[in-house]
Amino acid sequence: MAKGTYTYDPKNIGDFGKDRMRFELGDTMVEGQSDTTALTDEEIQAAVDSYPKAWKRAKLMLLESLCRRFAYEVDTKTGPLQLYMQERAKLWRSDYDVLKKEVSVESCSVPQLSNGAYRKPPYFYAGMQQNERARNR
């Protein structure tokens, strides 16, 4: 099994790449490598490469992976040290749910206004009260 790499450079978060994704996911403590970091550079890059023009979908892919991976972690207490692993999983799950809704809304064919807001289709429309069955009698 190949070992992954764990790097983070905050100077690069302006670019849509690995470092920005680490920043947005809060997975920036790379000093301890796999002990402190949830994702390898290769995993992040694979997600970014899978959706080169859809940043949010790549992020959603990684959040789903994190949710699945850490769903089974339990809170641990060793002497005075307590690790609340479920809190971390809940945070990623919450982020996943919010982003999934956002991506879902963006993928709908709902018209978008110039300011970026979404406009619902009109409630009333021409011909909505016409009864097709009555017309054909």
# chains A, B, ... in the order shown; residues from 1 in each chain; ligands from 1
>>> select_by_dssp(residues="chain A", states="alpha helix (DSSP H)", output="ChimeraX atom specification")
/A:18-25,41-50,55-70,85-107,132-135
>>> residues_around(residues="stretch 69-79 of chain A", least_positions_apart="4", cutoff="12 Å", atoms="only C-alpha atoms", output="PyMOL selection string")
chain A and resi 38-39+62-65+83-93
>>> residues_around(residues="A:Asp9", least_positions_apart="5", cutoff="10 Å", atoms="only C-alpha atoms", output="list of chain:residue names")
A:Lys18, A:Asp19, A:Arg20, A:Arg22, A:Phe23, A:Thr28, A:Val30
>>> atom_distance(atom1="atom CA of A:Thr40", atom2="atom CA of A:Val103")
24.1 Å
>>> residues_around(residues="A:Thr37", least_positions_apart="6", cutoff="12 Å", atoms="only C-alpha atoms", output="PyMOL selection string")
chain A and resi 4-8+22-23+25-31+43-44+66
>>> select_by_dssp(residues="chain A", states="strand (DSSP E or B)", output="ChimeraX atom specification")
/A:76-78,81-83,112,118
>>> write_last_selection(atoms="N, CA, C and O atoms", output="compact mmCIF listing (two decimals), in the first residue's frame")
# COMPACT_ATOMS: atom_id res chain seq x y z
N THR A 76 -13.35 8.96 22.82
CA THR A 76 -12.38 8.19 23.57
C THR A 76 -11.91 8.97 24.80
O THR A 76 -11.73 10.18 24.72
N LYS A 77 -11.72 8.27 25.88
CA LYS A 77 -11.18 8.90 27.08
C LYS A 77 -10.04 8.03 27.60
O LYS A 77 -10.22 6.83 27.85
N THR A 78 -8.87 8.63 27.74
CA THR A 78 -7.71 7.94 28.28
C THR A 78 -7.14 8.83 29.38
O THR A 78 -6.50 9.84 29.08
N LEU A 81 -7.26 12.79 29.21
CA LEU A 81 -7.43 13.14 27.81
C LEU A 81 -8.75 12.61 27.27
O LEU A 81 -9.05 11.43 27.40
N GLN A 82 -9.54 13.50 26.67
CA GLN A 82 -10.79 13.10 26.03
C GLN A 82 -10.77 13.56 24.58
O GLN A 82 -10.46 14.71 24.29
N LEU A 83 -11.10 12.65 23.69
CA LEU A 83 -11.17 12.97 22.26
C LEU A 83 -12.62 12.79 21.81
O LEU A 83 -13.17 11.69 21.91
N GLN A 112 -31.43 32.14 -13.13
CA GLN A 112 -30.65 32.90 -12.17
C GLN A 112 -30.69 34.38 -12.54
O GLN A 112 -30.55 34.73 -13.71
N TYR A 118 -31.62 33.22 -7.09
CA TYR A 118 -32.42 32.33 -7.92
C TYR A 118 -33.86 32.81 -7.98
O TYR A 118 -34.42 33.25 -6.99
>>> atom_distance(atom1="atom CA of A:Leu60", atom2="atom CA of A:Ala47")
9.1 Å
>>> atom_distance(atom1="atom CA of A:Phe16", atom2="atom CA of A:Arg57")
12.7 Å
>>> closest_residue(among="A:Pro10, A:Tyr51, A:Tyr96, A:Ala134", to="A:Arg68", atoms="only C-alpha atoms")
A:Tyr96
